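Working notes for the structure below.
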Amino acid sequence: MRWALVRVCLAVTTMVVVAFAVPLGLVVREMARDRAFSNAEREAAVVVPALSITTDREELERVVASAGVDDGMAVHLPAGDGRTAVDLGRRRAADTDIAAVRKLGRASTAEVPGGSVLLQPVALGLGTVVVEVYVPESEVTNGVGTAWAVLAGVGIALVLGSVAVADRLGVRMVRPARRLVEGAHDLGEGKLGARVPEEGPNELRRAAVAFNSMADQVVQLLANERELAADLSHRLRTPLTVLRLNAASLGDSPAAEQTRTAVAQLEREVDTIIRTAREAKPQTAAPGAGAGCDAAEVVRERMAFWSALAEDEGRKVRTAGVDRPVRIPVARADLAAALDALLGNVFRHTPEGTAFAVDVHNSEDAVIVLVSDAGPGIPDPATAMARGRGSGTTGSTGLGLDIVRRLAESTGGDVRIGRSVLGGTEIRIWLQLDDREPVRRGHRGTVRKRRRATAR
């Protein structure tokens with residue numbers, strides 16, 4: 001917009017300057033010509049009184065010489081009464097031009113080499129005398145070049161001045177628009193404190209006011225959502241307390257111990273939800289240097305927890321790739337929550353006795369976690385990945401897969417659903433290791449290329 005305004009102003013000012021400067025330059029040239037011929041008429045008028053007194057050649061030559069025009073003047077006396085025509089001074093005009101002026105009886109100009117001549121007729125008793133005054137081209141154009149240079153300088157100054165003014169006006173309009181774009185980008189990145197100065201043209205100022213009002217409403221809505229999540233989570237403490245008391249009375253059997261461990265973990269998760277919901281600042285920054293966890297250790301820990309339940313239901317369990325540390329830029333609790341969501345889905349949506357496996361593949365730029373089972377599979381993976389839709393089976397909300405997806409995308413990776421080698425569902429979690437922008441729409445083709453390269 002800034003450069004468009006500059007170009008428009010440049011074009012308009014240039015047309016205005018040309019429209020005024022060209023006619024003015026022509027007027028200046030014509031004025032210089034009129035001035036030169038007016039001077040020639042005054043020089044011709046000097047010899048007119050002498051012509052009315054005498055026609056003696058010597059006397060006229062002295063008059064012409066005293067006029068101070070050197071060889072720029074000539075006097076043409078007519079022939080008559082037995083006298084021949086006499087030319088005093090240097091003659092430049094043609095005979096036809098002199099004869100025409102003598103016949104018509106009025107002044108005229110004629111073009112000659114190096115300039116022009118003014119032919120001024122003077123009627124005397126012996127006939128019509130023609131006074132010729134030479135006007136060189138340099139005198140006709142005297143001062144014209146300087147005037148044109150001044151006009152060109154003024155025109156250029158006007159154009160440059162208009163461009164400078166248009167640029168300042170463009171900056172005044174573009175700067176608020178750029179700030180509005182930056183504020184929208186910051187708000188989209190999760191910086192809820194982003195606001196836009198309410199300045200600039202009226203339209204942009206109103207847009208800034210609307211943006212700031214929208215940002216305030218977003219902050220208020222998020223605060224209300226956090227309060228609601230905290231309140232709902234707090235309501236779970238009462239039934240959790242009952243479960244903990246009941247679990248304490250189950251004795252010392254392995255099932256009782258497992259129940260108490262699950263209740264304790266559930267209480268910790270509820271407390272974490274409450275604390276997170278009560279925080280004023282949303283977590284939008286990526287983990288810093290040194291943050292993250294050992295994916296292999298987390299997988300071993302969560303598989304040890306679920307193995308007890310798998311043994312009760314007769315499920316075969318297999319893990320791979322967890323025999324050495326695998327660092328990932330993900331918090332330990334987040335990875336554990338994602339694994340629990342996927343393994344919980346295996347137990348919830350597959351029959352008892354269905355085998356499952358967790359594999360960890362480590363490469364230079366990414367870590368892939370595969371959770372696969374031998375169940376019936378997911379008929380519509382796209383619907384299952386949509387938040388709140390689930391897989392279509394009873395009791396499925398889709399929130400578990402959404403937790404996994406957000407975990408992967410926080411590192412620049414993604415989640416894919418396919419068929420596993422066991423015959424059922426395979427959830428592939430791609431965790432990016434290098435510093436890259438978060439996942440945006442349309443990145444999955446690139447991720448698939450990276451997968452093929454890693455597979456090879």
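Identifiers for the structure tokens are assigned positionally: chains receive A, B, ... in sequence, residues are indexed from 1 per chain, and ligands are indexed from 1 in the order shown.
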
For the interface of stretch 288-374 of chain A with stretch 410-428 of chain A (cut-off 7 Å, counting only C-alpha atoms), please tabulate each contacting residue of stretch 288-374 of chain A alongside its nearest pair of atoms and their separation in Å to one decimal, rows sorted by chain and increasing number, as a tab-separated table.
```
residue	atom	partner	partner_atom	distance
A:Pro329	CA	A:Thr411	CA	7.0
A:Ile368	CA	A:Arg428	CA	6.7
A:Val369	CA	A:Arg428	CA	5.9
A:Leu370	CA	A:Arg428	CA	4.7
A:Val371	CA	A:Ile427	CA	5.2
A:Ser372	CA	A:Glu426	CA	4.2
A:Asp373	CA	A:Gly424	CA	5.2
A:Ala374	CA	A:Gly424	CA	4.2
```

Output all heavy atoms of each residue in that selection to a file, as a PDB file, in the first residue's frame.
```
ATOM      1  N   PRO A 329      11.988 -33.869  23.256  1.00  0.00           N
ATOM      2  CA  PRO A 329      11.643 -32.552  23.829  1.00  0.00           C
ATOM      3  C   PRO A 329      10.206 -32.487  24.322  1.00  0.00           C
ATOM      4  O   PRO A 329       9.449 -31.571  23.974  1.00  0.00           O
ATOM      5  CB  PRO A 329      11.884 -31.607  22.650  1.00  0.00           C
ATOM      6  CG  PRO A 329      11.550 -32.412  21.456  1.00  0.00           C
ATOM      7  CD  PRO A 329      12.007 -33.823  21.764  1.00  0.00           C
ATOM      8  N   ILE A 368      10.047 -41.957  16.676  1.00  0.00           N
ATOM      9  CA  ILE A 368       8.732 -42.487  16.334  1.00  0.00           C
ATOM     10  C   ILE A 368       8.322 -43.496  17.395  1.00  0.00           C
ATOM     11  O   ILE A 368       9.071 -44.432  17.691  1.00  0.00           O
ATOM     12  CB  ILE A 368       8.737 -43.155  14.944  1.00  0.00           C
ATOM     13  CG1 ILE A 368       9.161 -42.150  13.880  1.00  0.00           C
ATOM     14  CG2 ILE A 368       7.372 -43.740  14.626  1.00  0.00           C
ATOM     15  CD1 ILE A 368       9.299 -42.756  12.504  1.00  0.00           C
ATOM     16  N   VAL A 369       7.136 -43.282  17.959  1.00  0.00           N
ATOM     17  CA  VAL A 369       6.558 -44.210  18.931  1.00  0.00           C
ATOM     18  C   VAL A 369       5.359 -44.867  18.280  1.00  0.00           C
ATOM     19  O   VAL A 369       4.414 -44.187  17.849  1.00  0.00           O
ATOM     20  CB  VAL A 369       6.148 -43.478  20.227  1.00  0.00           C
ATOM     21  CG1 VAL A 369       5.545 -44.471  21.210  1.00  0.00           C
ATOM     22  CG2 VAL A 369       7.343 -42.768  20.847  1.00  0.00           C
ATOM     23  N   LEU A 370       5.397 -46.198  18.174  1.00  0.00           N
ATOM     24  CA  LEU A 370       4.319 -46.964  17.551  1.00  0.00           C
ATOM     25  C   LEU A 370       3.566 -47.735  18.618  1.00  0.00           C
ATOM     26  O   LEU A 370       4.160 -48.495  19.389  1.00  0.00           O
ATOM     27  CB  LEU A 370       4.873 -47.937  16.509  1.00  0.00           C
ATOM     28  CG  LEU A 370       5.654 -47.338  15.336  1.00  0.00           C
ATOM     29  CD1 LEU A 370       6.185 -48.444  14.452  1.00  0.00           C
ATOM     30  CD2 LEU A 370       4.762 -46.418  14.542  1.00  0.00           C
ATOM     31  N   VAL A 371       2.254 -47.529  18.658  1.00  0.00           N
ATOM     32  CA  VAL A 371       1.375 -48.302  19.539  1.00  0.00           C
ATOM     33  C   VAL A 371       0.442 -49.092  18.644  1.00  0.00           C
ATOM     34  O   VAL A 371      -0.393 -48.512  17.939  1.00  0.00           O
ATOM     35  CB  VAL A 371       0.593 -47.387  20.496  1.00  0.00           C
ATOM     36  CG1 VAL A 371      -0.330 -48.216  21.368  1.00  0.00           C
ATOM     37  CG2 VAL A 371       1.544 -46.567  21.351  1.00  0.00           C
ATOM     38  N   SER A 372       0.606 -50.396  18.630  1.00  0.00           N
ATOM     39  CA  SER A 372      -0.168 -51.242  17.715  1.00  0.00           C
ATOM     40  C   SER A 372      -0.868 -52.344  18.484  1.00  0.00           C
ATOM     41  O   SER A 372      -0.467 -52.709  19.594  1.00  0.00           O
ATOM     42  CB  SER A 372       0.745 -51.839  16.642  1.00  0.00           C
ATOM     43  OG  SER A 372       1.828 -52.516  17.237  1.00  0.00           O
ATOM     44  N   ASP A 373      -1.945 -52.861  17.885  1.00  0.00           N
ATOM     45  CA  ASP A 373      -2.698 -53.957  18.515  1.00  0.00           C
ATOM     46  C   ASP A 373      -3.201 -54.899  17.433  1.00  0.00           C
ATOM     47  O   ASP A 373      -3.085 -54.619  16.236  1.00  0.00           O
ATOM     48  CB  ASP A 373      -3.853 -53.399  19.352  1.00  0.00           C
ATOM     49  CG  ASP A 373      -4.863 -52.619  18.530  1.00  0.00           C
ATOM     50  OD1 ASP A 373      -5.481 -53.203  17.629  1.00  0.00           O
ATOM     51  OD2 ASP A 373      -5.043 -51.406  18.793  1.00  0.00           O
ATOM     52  N   ALA A 374      -3.759 -56.006  17.883  1.00  0.00           N
ATOM     53  CA  ALA A 374      -4.292 -57.024  16.966  1.00  0.00           C
ATOM     54  C   ALA A 374      -5.806 -57.005  16.953  1.00  0.00           C
ATOM     55  O   ALA A 374      -6.438 -58.019  16.644  1.00  0.00           O
ATOM     56  CB  ALA A 374      -3.780 -58.404  17.373  1.00  0.00           C
TER      57      ALA A 374
END
```

Write out as a PyMOL selection string each polymer residue whose atoms come within 7 Å of A:Leu243, counting only C-alpha atoms; drop sequence neighbours fewer than 4 positions from it.
chain A and resi 239+247+263

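The interatomic distance for the pair atom CA of A:Leu26 and atom CA of A:Val150 works out to 13.7 Å.
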
Please, what distance in Å, to one decimal, runs between atom CA of A:Leu342 and atom CA of A:Pro376?
15.2 Å

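Minimum atom-to-atom distances from A:Ala296, A:Ala215, A:Val28, A:Gly200 to A:His185 were compared using only C-alpha atoms, and the lowest value belongs to A:Ala215.
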
In Å, with one decimal, what is the gap from atom CA of A:Thr128 to atom CA of A:Pro113?
25.6 Å

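Distances to A:Ala177 were evaluated for A:Val18, A:Val117, A:Ala99, A:Leu204 using only C-alpha atoms, and the minimum falls at A:Leu204.
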
A:Phe305: which residues within 10 Å, counting only C-alpha atoms, same-chain residues fewer than 6 positions away excluded, as a PDB file with C-alpha atoms, in the first residue's frame?
```
ATOM      1  CA  GLN A 258      -3.103 -52.039  41.706  1.00  0.00           C
ATOM      2  CA  THR A 261      -2.080 -47.194  42.783  1.00  0.00           C
ATOM      3  CA  ALA A 262      -4.594 -46.254  40.070  1.00  0.00           C
ATOM      4  CA  VAL A 299       7.515 -46.425  27.978  1.00  0.00           C
ATOM      5  CA  ASP A 340      -1.964 -43.990  28.925  1.00  0.00           C
TER       6      ASP A 340
END
```

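Nearest residue to A:Leu401, choosing from A:Pro381, A:Gly145, A:Pro176, A:Gly190 and counting only C-alpha atoms: A:Pro381.
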